[in-house]
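Worksheet: one structure, shown below.
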Amino acid sequence: MAHVKIFDTTLRDGEQSPGVNLNQLEKLEIAKQLERFGVDIMEAGFPASSKGDFEAVRQIARTIKNTSVTGLARTKKSDIDIAWDALKDAEEPRIHIFLATSPIHMTYKLKKTPDEVIQTAVEMVSYAKQKFTHVEWSAEDACRSDLDFLARIVEKVIDAGATVINLPDTVGYITPEEYGNVFRYMKENVPNIDKVSLSAHCHDDLGMAVINSIAAIENGATQIEGTINGIGERAGNAALEEIAVALNIRNDKYKHTTNLVLNEIKRTSDLVSKFTGMIVPPNKAVVGRNAFAHEAGIHQDGVLKNASTYEIITPEMVGIHSNNLVLGKHSGRHAFKDKVIQLGYQLSEEKITEAFQSFKLLTDRKKEVTDEDLFTILTDVQTESINVAKYELNAFQVQYGTSNLPTATVALTTPDGTRVETAGTGAGSVEAIYNTLEALIREEIHLTDYKLNSIGKGRDALAEVHVQLTVNDTPVSGRGSAQDVLEASAHAFLNAVNRVLLNQTLAERKKAHI
Ligand SMILES: CC(=O)SCCNC(=O)CCNC(=O)[C@H](O)C(C)(C)COP(=O)(O)OP(=O)(O)OC[C@H]1O[C@@H](n2cnc3c(N)ncnc32)[C@H](O)[C@@H]1OP(=O)(O)O
Ligand SMILES: CC(C)C(=O)C(=O)O
């Protein structure tokens with residue numbers, strides 16, 4: 001069995017999914033989970049793209065110990081310098097530099113000749129090599145590039161010090177056979193190719209990202225790049241959980257192993273879905289809600305007689321356990337704390353107290369508190385900043401009827417501690433609440449997206465709402481959960497507004513060197 005390295009780019013390419021906007025705490029929690037999942041390398045962001053991304057990459061680089069952390073950079077000295085500042089404290093800092101090599105990109109986007117592209121790539125890889133031991137270079141849009149030109153630039157970039165060469169299918173255009181050929185071609189035509197690892201990075205525009213990644217492995221790639229749940233630019237990237245399980249289940253055919261801990265798949269997928277607001281479709285391979293559900297009578301009969309009749313992957317393999325009824329109304333703090341640890345959370349005493357209070361409130365309203373409910377409570381508390389002044393929802397009331405105008409009355413405590421209250425109307429109940437909140441909050445707010453999801457099954461399932469707003473023209477996302485849809489909606493709105501306040505506070509503290 002040969003080993004293939006897993007390069008996770010959920011926090012960089014995954015975050016390029018339209019509408020996804022992770023804050024630093026969420027990025028850090030995903031990074032910790034990726035480490036538990038066993039990825040070899042994680043791309044934590046693009047440090048030169050924004051101050052927020054720089055800070056997130058720096059924090060992840062300083063925290064994560066068992067996974068190599070990398071950041072993306074253009075072929076620009078300033079991008080490389082900023083990436084070094086963000087990554088220099090990592091256990092094994094590495095940089096990922098890219099430059100496009102296809103005629104379309106070189107002509108229209110970069111406005112450079114092929115020779116200028118080679119010169120820039122070589123200069124910048126040499127420059128990065130003065131700082132970083134590990135330098136990955138990506139030929140953006142490799143799959144629409146001329147293969148002879150690609151071989152020429154790859155050889156030069158290896159001479160300049162690159163340690164990994166990535167050949168991305170940037171626009172999700174190539175077929176498995178063609179992609180395999182690109183890797184074979186490099187192996188056969190680049191004289192110094194054995195000095196580097198070859199990496200594959202696939203997009204899913206034609207639905208072939210996973211199979212193309214596997215074709216690359218079969219033809220010489222020793223590293224695969226992808227994201228959790230396949231999120232990413234446009235139609236997304238190759239879904240790492242699908243590749244990992246395919247290699248495992250079909251190890252009779254694919255003779256490659258990874259370091260991934262398969263039973264961390266479900267938790268990783270849930271966390272990414274929750275923070276990004278990108279809900280996993282029920283029929284999604286490996287992690288979808290229906291992936292292990294058997295509906296048809298003949299299937300159910302077969303599974304009852306022997307699960308292997310219709311089940312090629314066991315739910316336990318990917319970390320799905322039957323929904324234990326865990327804690328209830330009479331559970332105490334000790335049992336709760338035990339469960340928190342069992343579910344993989346490391347929370348301070350202050351956060352455990354906060355989570356315990358939310359749990360107790362839920363047990364007043366909900367008979368059965370499941371692991372899914374606890375996951376929601378705990379991740380919300382984990383990523384909530386405690387010591388920042390924010391808007392708190394005190395109470396709200398909605399009057400709704402089919403023949404009258406929905407009216408909401410909302411009472412809030414503002415960040416300076418003042419209690420404010422007003423009433424407003426809207427075309428529906430959620431809009432009435434949002435209009436009223438807008439009237440109470442002294443910022444310019446516009447709602448741009450709203451998503452509602454239920455956590456678990458049954459009529460007492462928790463509601464989870466994801467919103468996207470612009471607050472004073474800054475896009476921001478927020479999420480909230482509660483047993484009631486309207487309450488979850490109000491929390492999501494305030495969570496988004498509070499994130500803007502948090503960012504402002506962090507920026508002010510940084511300026512004042514606190
Ligand atoms: C295939 C991929 O996924 S690549 C990663 C894509 N990810 C992102 O773009 C997300 C983050 N991006 C950003 O925040 C912004 O685009 C920034 C901060 C990086 C740059 O912003 P701006 O300076 O305003 O430039 P803008 O995005 O409009 O244009 C990109 C510029 O980079 C140039 N460029 C593109 N790729 C590269 C590269 N690999 N090396 C050097 N320059 C490049 C473009 O030609 C263009 O240059 P020009 O202004 O001289 O025409
Ligand atoms: C930066 C590169 C690797 C990329 O994301 C792509 O080409 O899709």
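Here's how to read the names in the structure tokens: chain A, B, ... by the order shown, residue numbers from 1 in each chain, ligand numbers from 1 in the order shown.
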Excluding stretch 455-458 of chain A and residues on its chain fewer than 5 positions from it, collect all residues at most 10 Å away from it, counting only C-alpha atoms, and give them as a VMD selection string.
-> chain A and resid 289 323 370 to 373 375 to 376 463 to 464 481 to 483
With N, CA and C atoms retained, could you export that selection as an mmCIF file, in the first residue's frame?
```
data_model
loop_
_atom_site.group_PDB
_atom_site.id
_atom_site.type_symbol
_atom_site.label_atom_id
_atom_site.label_comp_id
_atom_site.auth_asym_id
_atom_site.auth_seq_id
_atom_site.Cartn_x
_atom_site.Cartn_y
_atom_site.Cartn_z
ATOM 1 N N ARG A 289 -27.742 12.719 5.335
ATOM 2 C CA ARG A 289 -28.663 12.113 6.293
ATOM 3 C C ARG A 289 -29.224 10.773 5.774
ATOM 4 N N ASN A 323 -28.620 7.665 17.642
ATOM 5 C CA ASN A 323 -28.821 8.909 18.379
ATOM 6 C C ASN A 323 -29.157 8.632 19.843
ATOM 7 N N THR A 370 -30.746 15.218 22.642
ATOM 8 C CA THR A 370 -29.891 14.260 21.934
ATOM 9 C C THR A 370 -28.466 14.803 21.775
ATOM 10 N N ASP A 371 -27.592 13.938 21.273
ATOM 11 C CA ASP A 371 -26.222 14.387 20.991
ATOM 12 C C ASP A 371 -26.225 15.528 19.981
ATOM 13 N N GLU A 372 -27.136 15.470 19.022
ATOM 14 C CA GLU A 372 -27.209 16.542 18.010
ATOM 15 C C GLU A 372 -27.544 17.885 18.659
ATOM 16 N N ASP A 373 -28.484 17.855 19.629
ATOM 17 C CA ASP A 373 -28.836 19.092 20.334
ATOM 18 C C ASP A 373 -27.629 19.627 21.096
ATOM 19 N N PHE A 375 -24.502 19.063 20.506
ATOM 20 C CA PHE A 375 -23.506 19.542 19.542
ATOM 21 C C PHE A 375 -23.806 21.002 19.181
ATOM 22 N N THR A 376 -25.089 21.296 18.971
ATOM 23 C CA THR A 376 -25.484 22.661 18.616
ATOM 24 C C THR A 376 -25.209 23.626 19.765
ATOM 25 N N ALA A 463 -34.514 24.361 15.915
ATOM 26 C CA ALA A 463 -34.430 25.084 14.640
ATOM 27 C C ALA A 463 -33.091 25.796 14.601
ATOM 28 N N GLU A 464 -32.453 25.769 13.433
ATOM 29 C CA GLU A 464 -31.196 26.515 13.289
ATOM 30 C C GLU A 464 -31.335 27.467 12.109
ATOM 31 N N SER A 481 -29.768 29.206 17.185
ATOM 32 C CA SER A 481 -30.605 28.022 17.289
ATOM 33 C C SER A 481 -31.510 28.164 18.507
ATOM 34 N N ALA A 482 -32.667 27.593 18.406
ATOM 35 C CA ALA A 482 -33.630 27.618 19.509
ATOM 36 C C ALA A 482 -34.707 26.613 19.144
ATOM 37 N N GLN A 483 -35.546 26.325 20.111
ATOM 38 C CA GLN A 483 -36.589 25.379 19.756
ATOM 39 C C GLN A 483 -37.652 26.034 18.880
#
```
Using only C-alpha atoms and all ligand atoms, what are the residues with an atom within 7 Å of ligand 2, set out as a PDB file with N, CA and C atoms, in the first residue's frame?
```
ATOM      1  N   ASP A  13      -9.943  27.496   0.144  1.00  0.00           N
ATOM      2  CA  ASP A  13     -10.817  27.343  -1.024  1.00  0.00           C
ATOM      3  C   ASP A  13     -12.262  27.126  -0.566  1.00  0.00           C
ATOM      4  N   PHE A  98       0.876  30.372  -6.093  1.00  0.00           N
ATOM      5  CA  PHE A  98       0.256  29.945  -7.365  1.00  0.00           C
ATOM      6  C   PHE A  98       0.468  30.994  -8.444  1.00  0.00           C
ATOM      7  N   SER A 138       1.710  26.016  -7.361  1.00  0.00           N
ATOM      8  CA  SER A 138       0.569  25.541  -8.154  1.00  0.00           C
ATOM      9  C   SER A 138       0.527  26.229  -9.499  1.00  0.00           C
ATOM     10  N   GLU A 140      -1.833  27.327 -11.708  1.00  0.00           N
ATOM     11  CA  GLU A 140      -3.284  27.534 -11.779  1.00  0.00           C
ATOM     12  C   GLU A 140      -3.780  27.257 -13.203  1.00  0.00           C
ATOM     13  N   ASP A 141      -4.930  26.612 -13.301  1.00  0.00           N
ATOM     14  CA  ASP A 141      -5.530  26.214 -14.583  1.00  0.00           C
ATOM     15  C   ASP A 141      -4.599  25.282 -15.383  1.00  0.00           C
ATOM     16  N   ASN A 166       1.754  21.334  -7.564  1.00  0.00           N
ATOM     17  CA  ASN A 166       0.316  21.046  -7.639  1.00  0.00           C
ATOM     18  C   ASN A 166      -0.178  21.352  -9.048  1.00  0.00           C
ATOM     19  N   PRO A 168      -3.556  21.867 -10.534  1.00  0.00           N
ATOM     20  CA  PRO A 168      -5.001  21.956 -10.280  1.00  0.00           C
ATOM     21  C   PRO A 168      -5.862  21.956 -11.542  1.00  0.00           C
ATOM     22  N   ASP A 169      -7.037  21.361 -11.373  1.00  0.00           N
ATOM     23  CA  ASP A 169      -8.074  21.494 -12.402  1.00  0.00           C
ATOM     24  C   ASP A 169      -8.969  22.637 -11.904  1.00  0.00           C
ATOM     25  N   THR A 170      -8.479  23.837 -12.086  1.00  0.00           N
ATOM     26  CA  THR A 170      -9.069  25.040 -11.481  1.00  0.00           C
ATOM     27  C   THR A 170     -10.540  25.233 -11.844  1.00  0.00           C
ATOM     28  N   VAL A 171     -10.904  24.881 -13.068  1.00  0.00           N
ATOM     29  CA  VAL A 171     -12.281  25.147 -13.501  1.00  0.00           C
ATOM     30  C   VAL A 171     -13.118  23.866 -13.614  1.00  0.00           C
ATOM     31  N   HIS A 201      -5.554  18.859  -7.282  1.00  0.00           N
ATOM     32  CA  HIS A 201      -6.516  19.798  -6.662  1.00  0.00           C
ATOM     33  C   HIS A 201      -7.662  19.925  -7.672  1.00  0.00           C
ATOM     34  N   CYS A 202      -8.812  19.341  -7.345  1.00  0.00           N
ATOM     35  CA  CYS A 202      -9.881  19.262  -8.353  1.00  0.00           C
ATOM     36  C   CYS A 202     -11.137  20.022  -7.947  1.00  0.00           C
ATOM     37  N   HIS A 203     -11.763  20.606  -8.947  1.00  0.00           N
ATOM     38  CA  HIS A 203     -13.058  21.268  -8.738  1.00  0.00           C
ATOM     39  C   HIS A 203     -14.165  20.442  -9.381  1.00  0.00           C
TER      40      HIS A 203
END
```
For ligand 1, collect every residue having any atom at a distance of at most 9 Å from a ligand atom (counting only C-alpha atoms and all ligand atoms); output as a PyMOL selection string.
-> chain A and resi 12-13+15-16+45-50+72-76+79+97-100+105-106+108-111+120-121+138-141+168+170-171+232-233
Counting only C-alpha atoms, the option among A:Gln382, A:Ser273, A:Asp460, A:Lys131 closest to A:Asp364 |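 Smallest separation from A:Asp364 among the options: A:Asp460.
Note that the spacing between atom CA of A:Tyr127 and atom CA of A:Glu92 amounts to 18.2 Å.
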For A:Ile224, the nearest of the candidates A:Lys129, A:Lys5, A:His299, A:Lys339, counting only C-alpha atoms |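 Smallest distance to A:Ile224 is found for A:Lys5.
Shell of A:Leu378 at 10 Å, with only C-alpha atoms counted and residues fewer than 2 places along the chain excluded, is Val340, Leu343, Tyr345, Gln346, Leu347, Lys351, Ile352, Glu354, Ala355, Phe356, Ser358, Phe359, Glu372, Asp373, Leu374, Phe375, Thr376, Asp380, Val381, Gln382, Thr383 and Glu384 of chain A.
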Separation of atom CA of A:Gly71 and atom CA of A:Arg144, in Å?
->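 Interatomic distance here is 24.6 Å.
With only C-alpha atoms as the atoms that count, the residue of A:Asn435, A:Gln33, A:Thr227, A:Thr314 with the shortest distance to A:Val245 is A:Thr314.
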Find the residues near A:Lys451: any atom within 7 Å, counting only C-alpha atoms, skip ones fewer than 6 places away on the same chain, and give them as a ChimeraX atom specification.
-> /A:465-467
Take the selection from the previous step and output its residues with C-alpha atoms, as a tab-separated table (two decimals), in the first residue's frame.
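To be explicit, this is the file written out as again21.tsv:
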```
chain	number	residue	atom	x	y	z
A	465	VAL	CA	-31.16	29.74	11.28
A	466	HIS	CA	-28.28	31.14	9.21
A	467	VAL	CA	-28.45	34.72	8.00
```
